Amino acid sequence: MDILASTFFDWGVNLQLLVSGLALGAIYAVVALGFVLVEKSTAVLNLAVGEFLMLGSYFGVAFFMERKTNIFIGTLVITLVMALFGLAIHYGIMRPMVGQGFFAIVLATIGIATVIRAVVQMWFGPLEKGNLTALPTGTIEVAGTSIRWVDIIILLVVLGSVGAFLVFYARTRTGLHMRAVASNIEAAAGVGIDPDRAYAITWAMAIGIAGLGGVMLGHFTPSVNPALAAIGLRAFPAAAIGGFTSVGGSIIGGLIVGVIEQLAGGHFGTKWREPVAFGILILVLIFKPTGLFGQKDLERV
Amino acid sequence: MSSSLKIDGLSVSYGPIPALRNVSIEVPEGGFVSVLGSNGAGKTTLVRTITGVLYLQKGKVTSGSITRDGQDMTKLKTRKIVTGGVAQVPEGRMLFPQLTVEENLRCGAASRRDLAGINDTLSEVFDLFPQLPPLQNQLAGLLSGGEQQMVAVGRALMAKPSLLVCDELSLGLAPLIVRDLFLLLDRINKEGVAVLAIEQNARIALQHSTYAYALEVGEIVLEGPSDELRENQEVQDLYMGGGGDSREAYAAIRREVNR
């Protein structure tokens, strides 16, 4: 707390923290999206969402560090491969487990998480890799302060792709059917929507976007290492702000958590980042359990 | 006369528990048929079997068949059944509460491939229910019971069905609203859509249908033209709170079936 006075009103520092906070928050938004979308649509608590991002970062290492793949092609391939991985998880694990208890399925996602961590360490070794540098690494002067290009690009890429997803979810026929399954699966089946297909698409999209988020995370972080998976826990404060049910709200929740965390870390020291993030979680759960955007159950009887 | 739906000797059970035994029902093309029954009679199981969602409750058809125009549809998936022209208004409405009225209606067209025709059907449904267009962008969960039931009927019509299966349309609704809904069913029926109304409210069901069946404890115990059944003492005792001994009459039928 001793450095509080020196930087608190330094607007240049604050601007830097705000931009990097938004970039970090955008990555959190991806985490929260992967968590809330799956939870809302398939009623599965996906506790492996952090591992999926971490896997995306390591795919980034394989493509951009070891092979110098073009950033556009590489990111596209990683996103698609991760989406296929999402399909495999649905058809290989989740569908055969339909009808099993909630807890059994949560345990299965923890199993998936553990397997991903083990495979990544076997494949890439236990040592840290540097950060990814396929995105522009320079800085740009804004109002006398240098802002990292990477932060700006991450923010734009994530907001662009998440925004595209939200438009798909809200405006297309397939998106409508996904929301119908999330709202009332029996009714959805009754009108001839195939819930299984909706689940498969949900998993593919959630994990595909997590892969994209992983590439961004690999650029944001100073080093790619298995501990990046801990970012999965950030889904909770972000999703709590969104009320755990609002896909759009959890994205804004991610941005809020990222910015507050960077500001707290920048002014008070990085050891404050986690307590602040999870302090938000606890405060929201106590004072506004439905989140800023969540809705109470809409069932008028 | 060709039939819109023919159920022949159908038996269904949930694990070891039988829910329907040897049930035979026929809906003629363009007909209006009702199935009466009290709680636990097997009405909902019947609807689930027709619409192919029995598997969700782990129910199984143990014998018999459901055919449409001679085509077997006993084991078909719901999607195929809906594409084949059978749409349902499920018990308790079963709307998508977090989706808007229009989105709920559009979900009814999920099985359709003629995407261009969906908007036309939507405006037809809005014509049929003039109360709905102003509510178009409201969340369905916030509507009144009567409005919700209209959305549920409209949603079923969005599939352009040739047979509409209504499960307990009257449940929990005020008598006037029930009357209006059945008048609408008449109108839909006149336009050539066959209607199968599964109803606890025998009075209204017998008023609007031309033929009716009574289902008790999983079996058909009575059937006949609706106006005849309306005069039937047993039906009056059982479903219309007619004579003072309705309770005994009901108990007698249950005993007979259980034997």
# chains A, B, ... in the order shown; residues from 1 in each chain; ligands from 1

$ residues_around --residues "range 52-60 of chain B" --least-positions-apart "4" --cutoff "7 Å" --atoms "only C-alpha atoms" --output "ChimeraX atom specification"
/A:190 /B:12-15,48,76-78

$ residues_around --residues "Met94 in chain A" --least-positions-apart "2" --cutoff "10 Å" --atoms "only C-alpha atoms" --output "ChimeraX atom specification"
/A:42,44,87-92,96-100,105,108-109,199-200,203

$ closest_atom_pairs --of "chain B" --to "chain A" --cutoff "9 Å" --atoms "only C-alpha atoms" --output "JSON lines"
{"residue": "B:Arg48", "atom": "CA", "partner": "A:Gly190", "partner_atom": "CA", "distance": 8.9}
{"residue": "B:Thr51", "atom": "CA", "partner": "A:Gly190", "partner_atom": "CA", "distance": 7.1}
{"residue": "B:Gly52", "atom": "CA", "partner": "A:Gly190", "partner_atom": "CA", "distance": 8.0}
{"residue": "B:Val53", "atom": "CA", "partner": "A:Gly190", "partner_atom": "CA", "distance": 6.8}
{"residue": "B:Leu56", "atom": "CA", "partner": "A:Glu186", "partner_atom": "CA", "distance": 7.8}
{"residue": "B:Lys77", "atom": "CA", "partner": "A:Gly192", "partner_atom": "CA", "distance": 8.3}
{"residue": "B:Thr78", "atom": "CA", "partner": "A:Gly192", "partner_atom": "CA", "distance": 5.4}
{"residue": "B:Arg79", "atom": "CA", "partner": "A:Gly192", "partner_atom": "CA", "distance": 3.9}
{"residue": "B:Lys80", "atom": "CA", "partner": "A:Gly192", "partner_atom": "CA", "distance": 7.5}
{"residue": "B:Ile81", "atom": "CA", "partner": "A:Gly192", "partner_atom": "CA", "distance": 7.9}
{"residue": "B:Val82", "atom": "CA", "partner": "A:Gly192", "partner_atom": "CA", "distance": 6.0}
{"residue": "B:Thr83", "atom": "CA", "partner": "A:Gly192", "partner_atom": "CA", "distance": 7.9}
{"residue": "B:Ala87", "atom": "CA", "partner": "A:Val191", "partner_atom": "CA", "distance": 7.1}
{"residue": "B:Gln88", "atom": "CA", "partner": "A:Gly190", "partner_atom": "CA", "distance": 7.3}
{"residue": "B:Val89", "atom": "CA", "partner": "A:Gly190", "partner_atom": "CA", "distance": 8.9}
{"residue": "B:Pro90", "atom": "CA", "partner": "A:Ala187", "partner_atom": "CA", "distance": 7.8}
{"residue": "B:Arg93", "atom": "CA", "partner": "A:Ala187", "partner_atom": "CA", "distance": 8.7}
{"residue": "B:Met94", "atom": "CA", "partner": "A:Ala187", "partner_atom": "CA", "distance": 5.5}
{"residue": "B:Leu95", "atom": "CA", "partner": "A:Ala187", "partner_atom": "CA", "distance": 6.7}
{"residue": "B:Phe96", "atom": "CA", "partner": "A:Ser183", "partner_atom": "CA", "distance": 5.4}
{"residue": "B:Pro97", "atom": "CA", "partner": "A:Leu298", "partner_atom": "CA", "distance": 5.9}
{"residue": "B:Gln98", "atom": "CA", "partner": "A:Ser183", "partner_atom": "CA", "distance": 6.4}
{"residue": "B:Leu99", "atom": "CA", "partner": "A:Ala180", "partner_atom": "CA", "distance": 7.4}
{"residue": "B:Glu103", "atom": "CA", "partner": "A:Leu176", "partner_atom": "CA", "distance": 7.2}
{"residue": "B:Asn104", "atom": "CA", "partner": "A:Ala180", "partner_atom": "CA", "distance": 8.0}
{"residue": "B:Arg106", "atom": "CA", "partner": "A:Leu176", "partner_atom": "CA", "distance": 8.5}
{"residue": "B:Cys107", "atom": "CA", "partner": "A:His177", "partner_atom": "CA", "distance": 6.7}
{"residue": "B:Gly108", "atom": "CA", "partner": "A:Val191", "partner_atom": "CA", "distance": 5.4}
{"residue": "B:Ala109", "atom": "CA", "partner": "A:Val191", "partner_atom": "CA", "distance": 7.6}
{"residue": "B:Ala110", "atom": "CA", "partner": "A:Ile193", "partner_atom": "CA", "distance": 5.8}
{"residue": "B:Ser111", "atom": "CA", "partner": "A:Gly192", "partner_atom": "CA", "distance": 5.5}
{"residue": "B:Leu139", "atom": "CA", "partner": "A:Leu298", "partner_atom": "CA", "distance": 8.3}
{"residue": "B:Ala140", "atom": "CA", "partner": "A:Leu298", "partner_atom": "CA", "distance": 8.5}
{"residue": "B:Gly141", "atom": "CA", "partner": "A:Glu299", "partner_atom": "CA", "distance": 5.0}
{"residue": "B:Leu142", "atom": "CA", "partner": "A:Arg300", "partner_atom": "CA", "distance": 5.9}
{"residue": "B:Leu143", "atom": "CA", "partner": "A:Arg300", "partner_atom": "CA", "distance": 7.2}
{"residue": "B:Ser144", "atom": "CA", "partner": "A:Arg300", "partner_atom": "CA", "distance": 7.3}
{"residue": "B:Gly145", "atom": "CA", "partner": "A:Val301", "partner_atom": "CA", "distance": 7.1}
{"residue": "B:Arg155", "atom": "CA", "partner": "A:Val191", "partner_atom": "CA", "distance": 8.2}
{"residue": "B:Ala156", "atom": "CA", "partner": "A:Val191", "partner_atom": "CA", "distance": 7.4}
{"residue": "B:Ala159", "atom": "CA", "partner": "A:Val191", "partner_atom": "CA", "distance": 8.1}

$ write_last_selection --atoms "C-alpha atoms" --output "PDB file, in the first residue's frame"
ATOM      1  CA  ARG B  48     -45.560 -38.322 -25.286  1.00  0.00           C
ATOM      2  CA  THR B  51     -44.992 -36.993 -30.296  1.00  0.00           C
ATOM      3  CA  GLY B  52     -41.912 -39.152 -29.783  1.00  0.00           C
ATOM      4  CA  VAL B  53     -40.628 -37.709 -26.505  1.00  0.00           C
ATOM      5  CA  LEU B  56     -36.976 -38.510 -22.281  1.00  0.00           C
ATOM      6  CA  LYS B  77     -37.850 -39.175 -33.633  1.00  0.00           C
ATOM      7  CA  THR B  78     -39.821 -36.069 -32.733  1.00  0.00           C
ATOM      8  CA  ARG B  79     -38.213 -34.102 -35.526  1.00  0.00           C
ATOM      9  CA  LYS B  80     -39.474 -36.595 -38.105  1.00  0.00           C
ATOM     10  CA  ILE B  81     -42.903 -36.676 -36.500  1.00  0.00           C
ATOM     11  CA  VAL B  82     -43.188 -32.889 -36.591  1.00  0.00           C
ATOM     12  CA  THR B  83     -41.912 -32.806 -40.174  1.00  0.00           C
ATOM     13  CA  ALA B  87     -47.488 -30.743 -33.833  1.00  0.00           C
ATOM     14  CA  GLN B  88     -48.299 -30.657 -30.152  1.00  0.00           C
ATOM     15  CA  VAL B  89     -49.462 -28.137 -27.606  1.00  0.00           C
ATOM     16  CA  PRO B  90     -47.832 -29.686 -24.553  1.00  0.00           C
ATOM     17  CA  ARG B  93     -47.665 -24.863 -22.186  1.00  0.00           C
ATOM     18  CA  MET B  94     -43.941 -25.564 -22.001  1.00  0.00           C
ATOM     19  CA  LEU B  95     -42.900 -22.276 -23.514  1.00  0.00           C
ATOM     20  CA  PHE B  96     -39.359 -20.946 -23.563  1.00  0.00           C
ATOM     21  CA  PRO B  97     -39.750 -18.379 -20.766  1.00  0.00           C
ATOM     22  CA  GLN B  98     -36.536 -16.458 -21.518  1.00  0.00           C
ATOM     23  CA  LEU B  99     -37.338 -16.097 -25.207  1.00  0.00           C
ATOM     24  CA  GLU B 103     -38.885 -16.305 -30.855  1.00  0.00           C
ATOM     25  CA  ASN B 104     -41.149 -18.882 -29.210  1.00  0.00           C
ATOM     26  CA  ARG B 106     -40.327 -19.229 -34.620  1.00  0.00           C
ATOM     27  CA  CYS B 107     -39.067 -22.225 -32.640  1.00  0.00           C
ATOM     28  CA  GLY B 108     -42.289 -23.964 -33.661  1.00  0.00           C
ATOM     29  CA  ALA B 109     -40.994 -23.893 -37.228  1.00  0.00           C
ATOM     30  CA  ALA B 110     -37.759 -25.659 -36.221  1.00  0.00           C
ATOM     31  CA  SER B 111     -38.444 -28.704 -38.327  1.00  0.00           C
ATOM     32  CA  LEU B 139     -40.544 -12.470 -22.817  1.00  0.00           C
ATOM     33  CA  ALA B 140     -42.957 -15.391 -22.877  1.00  0.00           C
ATOM     34  CA  GLY B 141     -42.406 -16.087 -19.172  1.00  0.00           C
ATOM     35  CA  LEU B 142     -44.045 -12.777 -18.298  1.00  0.00           C
ATOM     36  CA  LEU B 143     -47.344 -13.410 -20.116  1.00  0.00           C
ATOM     37  CA  SER B 144     -50.595 -14.401 -18.420  1.00  0.00           C
ATOM     38  CA  GLY B 145     -51.660 -18.039 -18.543  1.00  0.00           C
ATOM     39  CA  ARG B 155     -46.086 -22.250 -31.849  1.00  0.00           C
ATOM     40  CA  ALA B 156     -47.590 -25.620 -32.794  1.00  0.00           C
ATOM     41  CA  ALA B 159     -45.021 -26.228 -38.005  1.00  0.00           C
TER      42      ALA B 159
END

$ select_by_dssp --residues "range 108-282 of chain A" --states "strand (DSSP E or B)" --output "JSON, numbers by chain"
{"A": [129, 130, 139, 140, 141, 142, 145, 146, 147, 148, 223, 224]}

$ closest_residue --among "A:Gly101, A:Gly232, A:Pro289, A:Pro226" --to "Val119 in chain A" --atoms "only C-alpha atoms"
A:Pro226

$ residues_around --residues "range 139-146 of chain A" --least-positions-apart "4" --cutoff "10 Å" --atoms "only C-alpha atoms" --output "number ranges by chain"
A: 11-16, 150-152

$ atom_distance --atom1 "CA of Ile17 in chain B" --atom2 "CA of Lys75 in chain B"
19.8 Å

$ residues_around --residues "Leu163 in chain B" --least-positions-apart "6" --cutoff "9 Å" --atoms "only C-alpha atoms" --output "ChimeraX atom specification"
/B:4-5,27,29-30,85-88,192-196

$ residues_around --residues "range 39-41 of chain B" --least-positions-apart "5" --cutoff "12 Å" --atoms "only C-alpha atoms" --output "PyMOL selection string"
chain B and resi 18-21+23+46-47+168+171+198-201+213-221+239+250+253-254+257

$ write_last_selection --atoms "N, CA, C and O atoms" --output "compact mmCIF listing (two decimals), in the first residue's frame"
# COMPACT_ATOMS: atom_id res chain seq x y z
N PRO B 18 -46.66 -50.32 -16.00
CA PRO B 18 -47.42 -50.09 -17.22
C PRO B 18 -48.17 -48.77 -17.13
O PRO B 18 -48.71 -48.42 -16.08
N ALA B 19 -48.19 -48.00 -18.23
CA ALA B 19 -48.90 -46.72 -18.23
C ALA B 19 -50.07 -46.75 -19.21
O ALA B 19 -51.09 -46.11 -18.98
N LEU B 20 -49.93 -47.49 -20.30
CA LEU B 20 -51.01 -47.63 -21.27
C LEU B 20 -51.13 -49.12 -21.60
O LEU B 20 -50.13 -49.80 -21.76
N ARG B 21 -52.40 -49.59 -21.71
CA ARG B 21 -52.60 -51.00 -22.06
C ARG B 21 -53.57 -51.11 -23.22
O ARG B 21 -54.73 -50.70 -23.09
N VAL B 23 -54.32 -49.66 -26.05
CA VAL B 23 -55.11 -48.47 -26.39
C VAL B 23 -55.23 -48.34 -27.90
O VAL B 23 -54.23 -48.40 -28.62
N LEU B 46 -49.80 -40.91 -23.38
CA LEU B 46 -50.32 -41.05 -24.74
C LEU B 46 -49.74 -39.96 -25.65
O LEU B 46 -49.24 -40.23 -26.74
N VAL B 47 -49.76 -38.70 -25.15
CA VAL B 47 -49.22 -37.60 -25.95
C VAL B 47 -47.73 -37.78 -26.19
O VAL B 47 -47.24 -37.61 -27.31
N GLU B 168 -54.25 -31.15 -22.47
CA GLU B 168 -54.81 -30.34 -21.37
C GLU B 168 -54.78 -28.85 -21.67
O GLU B 168 -54.23 -28.06 -20.91
N LEU B 171 -56.12 -26.55 -18.88
CA LEU B 171 -55.55 -26.63 -17.52
C LEU B 171 -55.21 -25.25 -16.95
O LEU B 171 -54.45 -24.50 -17.53
N ILE B 198 -56.59 -33.91 -25.78
CA ILE B 198 -56.54 -34.74 -24.59
C ILE B 198 -57.00 -33.85 -23.45
O ILE B 198 -56.35 -32.83 -23.18
N GLU B 199 -58.09 -34.19 -22.80
CA GLU B 199 -58.71 -33.22 -21.89
C GLU B 199 -59.25 -33.83 -20.61
O GLU B 199 -59.81 -34.92 -20.61
N GLN B 200 -59.09 -33.08 -19.54
CA GLN B 200 -59.73 -33.43 -18.29
C GLN B 200 -61.11 -32.76 -18.25
O GLN B 200 -62.03 -33.26 -17.63
N ASN B 201 -61.20 -31.62 -18.93
CA ASN B 201 -62.45 -30.87 -18.98
C ASN B 201 -63.36 -31.49 -20.04
O ASN B 201 -63.38 -31.10 -21.19
N TYR B 213 -63.04 -40.56 -26.70
CA TYR B 213 -62.65 -41.77 -25.97
C TYR B 213 -62.48 -41.40 -24.50
O TYR B 213 -62.09 -40.28 -24.18
N ALA B 214 -62.76 -42.36 -23.62
CA ALA B 214 -62.47 -42.13 -22.21
C ALA B 214 -61.35 -43.08 -21.80
O ALA B 214 -61.44 -44.29 -22.03
N LEU B 215 -60.30 -42.49 -21.24
CA LEU B 215 -59.12 -43.26 -20.85
C LEU B 215 -59.07 -43.29 -19.33
O LEU B 215 -59.13 -42.25 -18.67
N GLU B 216 -59.01 -44.50 -18.75
CA GLU B 216 -58.86 -44.60 -17.30
C GLU B 216 -57.84 -45.66 -16.96
O GLU B 216 -57.89 -46.78 -17.50
N VAL B 217 -56.91 -45.31 -16.06
CA VAL B 217 -55.86 -46.23 -15.62
C VAL B 217 -55.23 -46.95 -16.81
O VAL B 217 -55.02 -48.15 -16.80
N GLY B 218 -54.98 -46.19 -17.87
CA GLY B 218 -54.21 -46.74 -18.99
C GLY B 218 -55.01 -47.50 -20.02
O GLY B 218 -54.43 -48.05 -20.95
N GLU B 219 -56.35 -47.56 -19.83
CA GLU B 219 -57.14 -48.29 -20.82
C GLU B 219 -58.30 -47.45 -21.32
O GLU B 219 -58.83 -46.61 -20.60
N ILE B 220 -58.72 -47.71 -22.57
CA ILE B 220 -59.92 -47.05 -23.09
C ILE B 220 -61.13 -47.78 -22.49
O ILE B 220 -61.30 -48.98 -22.70
N VAL B 221 -61.94 -47.04 -21.73
CA VAL B 221 -63.08 -47.69 -21.08
C VAL B 221 -64.39 -47.37 -21.80
O VAL B 221 -65.39 -48.04 -21.60
N TYR B 239 -67.04 -37.42 -15.29
CA TYR B 239 -66.26 -36.24 -15.67
C TYR B 239 -66.98 -34.93 -15.52
O TYR B 239 -66.39 -33.87 -15.64
N TYR B 250 -66.87 -43.73 -10.32
CA TYR B 250 -65.45 -43.66 -10.67
C TYR B 250 -64.71 -44.84 -10.05
O TYR B 250 -63.94 -45.53 -10.71
N ILE B 253 -65.38 -48.06 -11.90
CA ILE B 253 -64.62 -48.20 -13.15
C ILE B 253 -63.18 -48.55 -12.87
O ILE B 253 -62.59 -49.43 -13.49
N ARG B 254 -62.61 -47.90 -11.88
CA ARG B 254 -61.21 -48.18 -11.54
C ARG B 254 -61.06 -49.64 -11.12
O ARG B 254 -60.14 -50.32 -11.52
N VAL B 257 -61.26 -51.92 -14.14
CA VAL B 257 -60.05 -51.89 -14.96
C VAL B 257 -58.92 -52.64 -14.27
O VAL B 257 -58.15 -53.35 -14.91

$ atom_distance --atom1 "CA of Ile78 in chain A" --atom2 "CA of Met205 in chain A"
12.6 Å

$ residues_around --residues "range 254-256 of chain A" --least-positions-apart "5" --cutoff "8 Å" --atoms "only C-alpha atoms" --output "list in words"
Gly21, Leu22, Ala23, Leu24, Gly25, Ala26, Ile27, Tyr28, Ala29, Val30, Ala32, Arg234, Ala235, Pro237, Ala238 and Ala239 of chain A

$ write_last_selection --atoms "N, CA and C atoms" --output "compact mmCIF listing (two decimals), in the first residue's frame"
# COMPACT_ATOMS: atom_id res chain seq x y z
N GLY A 21 -5.88 -3.66 -18.73
CA GLY A 21 -6.98 -4.28 -17.98
C GLY A 21 -8.10 -4.72 -18.91
N LEU A 22 -8.37 -3.90 -19.92
CA LEU A 22 -9.41 -4.28 -20.89
C LEU A 22 -8.97 -5.51 -21.69
N ALA A 23 -7.67 -5.54 -22.05
CA ALA A 23 -7.16 -6.70 -22.79
C ALA A 23 -7.27 -7.96 -21.94
N LEU A 24 -6.82 -7.85 -20.70
CA LEU A 24 -6.92 -9.00 -19.78
C LEU A 24 -8.39 -9.36 -19.57
N GLY A 25 -9.21 -8.30 -19.39
CA GLY A 25 -10.64 -8.52 -19.18
C GLY A 25 -11.29 -9.20 -20.37
N ALA A 26 -10.80 -8.88 -21.57
CA ALA A 26 -11.36 -9.52 -22.77
C ALA A 26 -11.05 -11.02 -22.72
N ILE A 27 -9.85 -11.36 -22.25
CA ILE A 27 -9.52 -12.79 -22.12
C ILE A 27 -10.39 -13.44 -21.04
N TYR A 28 -10.59 -12.73 -19.94
CA TYR A 28 -11.51 -13.25 -18.92
C TYR A 28 -12.90 -13.44 -19.50
N ALA A 29 -13.30 -12.51 -20.37
CA ALA A 29 -14.63 -12.61 -20.98
C ALA A 29 -14.76 -13.90 -21.77
N VAL A 30 -13.66 -14.28 -22.46
CA VAL A 30 -13.67 -15.54 -23.20
C VAL A 30 -13.83 -16.72 -22.23
N ALA A 32 -15.22 -16.63 -19.27
CA ALA A 32 -16.58 -16.62 -18.73
C ALA A 32 -17.58 -17.11 -19.76
N ARG A 234 -11.08 -17.40 -13.01
CA ARG A 234 -11.60 -16.05 -13.23
C ARG A 234 -13.00 -16.08 -13.85
N ALA A 235 -13.40 -17.27 -14.37
CA ALA A 235 -14.75 -17.38 -14.90
C ALA A 235 -15.77 -17.05 -13.82
N PRO A 237 -15.76 -14.90 -10.88
CA PRO A 237 -16.16 -13.51 -10.64
C PRO A 237 -16.81 -12.87 -11.87
N ALA A 238 -16.28 -13.18 -13.06
CA ALA A 238 -16.86 -12.57 -14.27
C ALA A 238 -18.29 -13.05 -14.46
N ALA A 239 -18.50 -14.36 -14.31
CA ALA A 239 -19.84 -14.90 -14.49
C ALA A 239 -20.79 -14.42 -13.40

$ select_by_dssp --residues "range 20-211 of chain B" --states "alpha helix (DSSP H)" --output "MDAnalysis selection string"
chainID B and resid 43:51 78:83 101:107 115:128 145:157 175:190 202:208

$ residues_around --residues "range 116-127 of chain B" --least-positions-apart "3" --cutoff "9 Å" --atoms "only C-alpha atoms" --output "PyMOL selection string"
chain B and resi 102+105-106+109+112-113+130-133+154-155+157-160

$ write_last_selection --atoms "all heavy atoms" --output "short mmCIF file (atom, residue, chain, number, x, y, z; two decimals), in the first residue's frame"
data_model
loop_
_atom_site.label_atom_id
_atom_site.label_comp_id
_atom_site.auth_asym_id
_atom_site.auth_seq_id
_atom_site.Cartn_x
_atom_site.Cartn_y
_atom_site.Cartn_z
N GLU B 102 -42.22 -13.81 -30.20
CA GLU B 102 -41.92 -14.13 -31.60
C GLU B 102 -40.90 -15.27 -31.70
O GLU B 102 -41.04 -16.17 -32.54
CB GLU B 102 -41.39 -12.89 -32.34
CG GLU B 102 -41.27 -13.16 -33.82
CD GLU B 102 -40.58 -12.03 -34.58
OE1 GLU B 102 -40.73 -10.86 -34.19
OE2 GLU B 102 -39.89 -12.35 -35.56
N LEU B 105 -42.57 -18.52 -31.12
CA LEU B 105 -43.32 -18.94 -32.30
C LEU B 105 -42.36 -19.49 -33.36
O LEU B 105 -42.62 -20.53 -33.96
CB LEU B 105 -44.13 -17.77 -32.86
CG LEU B 105 -45.28 -17.30 -31.96
CD1 LEU B 105 -45.92 -16.03 -32.52
CD2 LEU B 105 -46.34 -18.38 -31.80
N ARG B 106 -41.26 -18.79 -33.58
CA ARG B 106 -40.33 -19.23 -34.62
C ARG B 106 -39.73 -20.60 -34.30
O ARG B 106 -39.41 -21.37 -35.21
CB ARG B 106 -39.20 -18.21 -34.80
CG ARG B 106 -39.66 -16.98 -35.57
CD ARG B 106 -38.53 -16.03 -35.89
NE ARG B 106 -39.05 -14.86 -36.59
CZ ARG B 106 -39.33 -14.84 -37.89
NH1 ARG B 106 -39.11 -15.92 -38.62
NH2 ARG B 106 -39.81 -13.75 -38.45
N ALA B 109 -41.30 -23.57 -35.83
CA ALA B 109 -40.99 -23.89 -37.23
C ALA B 109 -39.65 -24.59 -37.35
O ALA B 109 -39.10 -24.68 -38.44
CB ALA B 109 -41.02 -22.63 -38.07
N ARG B 112 -39.07 -27.12 -40.07
CA ARG B 112 -39.42 -26.79 -41.45
C ARG B 112 -38.18 -26.49 -42.28
O ARG B 112 -37.21 -25.94 -41.80
CB ARG B 112 -40.35 -25.58 -41.48
CG ARG B 112 -41.76 -25.97 -41.16
CD ARG B 112 -42.64 -24.79 -41.05
NE ARG B 112 -42.83 -24.09 -42.32
CZ ARG B 112 -43.74 -23.13 -42.48
NH1 ARG B 112 -44.52 -22.79 -41.46
NH2 ARG B 112 -43.88 -22.54 -43.63
N ARG B 113 -38.28 -26.85 -43.56
CA ARG B 113 -37.15 -26.57 -44.45
C ARG B 113 -37.46 -25.41 -45.40
O ARG B 113 -36.56 -24.80 -45.94
CB ARG B 113 -36.75 -27.84 -45.20
CG ARG B 113 -35.62 -28.57 -44.47
CD ARG B 113 -35.31 -29.89 -45.12
NE ARG B 113 -35.52 -30.95 -44.15
CZ ARG B 113 -36.41 -31.92 -44.31
NH1 ARG B 113 -37.16 -31.98 -45.38
NH2 ARG B 113 -36.54 -32.85 -43.38
N PRO B 130 -55.01 -12.08 -32.57
CA PRO B 130 -54.70 -10.64 -32.66
C PRO B 130 -54.12 -10.08 -31.36
O PRO B 130 -53.54 -8.99 -31.37
CB PRO B 130 -56.06 -10.00 -32.96
CG PRO B 130 -57.07 -11.07 -32.88
CD PRO B 130 -56.41 -12.38 -32.74
N GLN B 131 -54.22 -10.85 -30.25
CA GLN B 131 -53.64 -10.37 -28.99
C GLN B 131 -52.12 -10.45 -29.02
O GLN B 131 -51.43 -9.79 -28.25
CB GLN B 131 -54.13 -11.21 -27.80
CG GLN B 131 -55.63 -11.18 -27.58
CD GLN B 131 -56.32 -12.34 -28.33
OE1 GLN B 131 -55.86 -12.75 -29.41
NE2 GLN B 131 -57.40 -12.85 -27.77
N LEU B 132 -51.59 -11.30 -29.89
CA LEU B 132 -50.15 -11.58 -29.81
C LEU B 132 -49.23 -10.52 -30.44
O LEU B 132 -48.17 -10.23 -29.88
CB LEU B 132 -49.82 -12.97 -30.38
CG LEU B 132 -50.39 -14.15 -29.58
CD1 LEU B 132 -49.90 -15.46 -30.15
CD2 LEU B 132 -50.01 -14.04 -28.11
N PRO B 133 -49.58 -9.94 -31.60
CA PRO B 133 -48.61 -8.98 -32.19
C PRO B 133 -48.11 -7.90 -31.25
O PRO B 133 -46.91 -7.61 -31.24
CB PRO B 133 -49.39 -8.40 -33.37
CG PRO B 133 -50.34 -9.48 -33.75
CD PRO B 133 -50.73 -10.16 -32.47
N GLY B 154 -50.08 -21.24 -31.07
CA GLY B 154 -49.48 -20.61 -32.23
C GLY B 154 -48.16 -21.27 -32.61
O GLY B 154 -47.88 -21.50 -33.78
N ARG B 155 -47.37 -21.60 -31.59
CA ARG B 155 -46.09 -22.25 -31.85
C ARG B 155 -46.30 -23.58 -32.58
O ARG B 155 -45.58 -23.91 -33.52
CB ARG B 155 -45.35 -22.48 -30.53
CG ARG B 155 -43.97 -23.07 -30.69
CD ARG B 155 -43.27 -23.22 -29.36
NE ARG B 155 -43.95 -24.20 -28.51
CZ ARG B 155 -43.58 -24.47 -27.26
NH1 ARG B 155 -42.57 -23.84 -26.72
NH2 ARG B 155 -44.24 -25.37 -26.55
N LEU B 157 -48.81 -24.33 -34.47
CA LEU B 157 -49.28 -24.06 -35.83
C LEU B 157 -48.14 -23.66 -36.76
O LEU B 157 -48.24 -23.81 -37.97
CB LEU B 157 -50.35 -22.97 -35.82
CG LEU B 157 -51.68 -23.36 -35.16
CD1 LEU B 157 -52.63 -22.18 -35.16
CD2 LEU B 157 -52.30 -24.55 -35.88
N MET B 158 -47.07 -23.10 -36.17
CA MET B 158 -45.93 -22.67 -36.98
C MET B 158 -45.30 -23.84 -37.75
O MET B 158 -44.60 -23.65 -38.73
CB MET B 158 -44.85 -22.02 -36.11
CG MET B 158 -45.20 -20.64 -35.60
SD MET B 158 -45.43 -19.43 -36.89
CE MET B 158 -43.76 -19.26 -37.52
N ALA B 159 -45.57 -25.06 -37.30
CA ALA B 159 -45.02 -26.23 -38.00
C ALA B 159 -45.89 -26.59 -39.20
O ALA B 159 -45.56 -27.53 -39.92
CB ALA B 159 -44.92 -27.41 -37.05
N LYS B 160 -46.99 -25.86 -39.42
CA LYS B 160 -47.95 -26.17 -40.49
C LYS B 160 -48.41 -27.62 -40.40
O LYS B 160 -48.27 -28.40 -41.35
CB LYS B 160 -47.32 -25.92 -41.86
CG LYS B 160 -47.36 -24.45 -42.27
CD LYS B 160 -47.69 -24.32 -43.74
CE LYS B 160 -48.26 -22.95 -44.07
NZ LYS B 160 -49.46 -22.97 -44.83
#

$ closest_residue --among "A:Pro222, A:Gly253, A:Pro195, A:Gly266" --to "Ile280 in chain A" --atoms "only C-alpha atoms"
A:Gly253
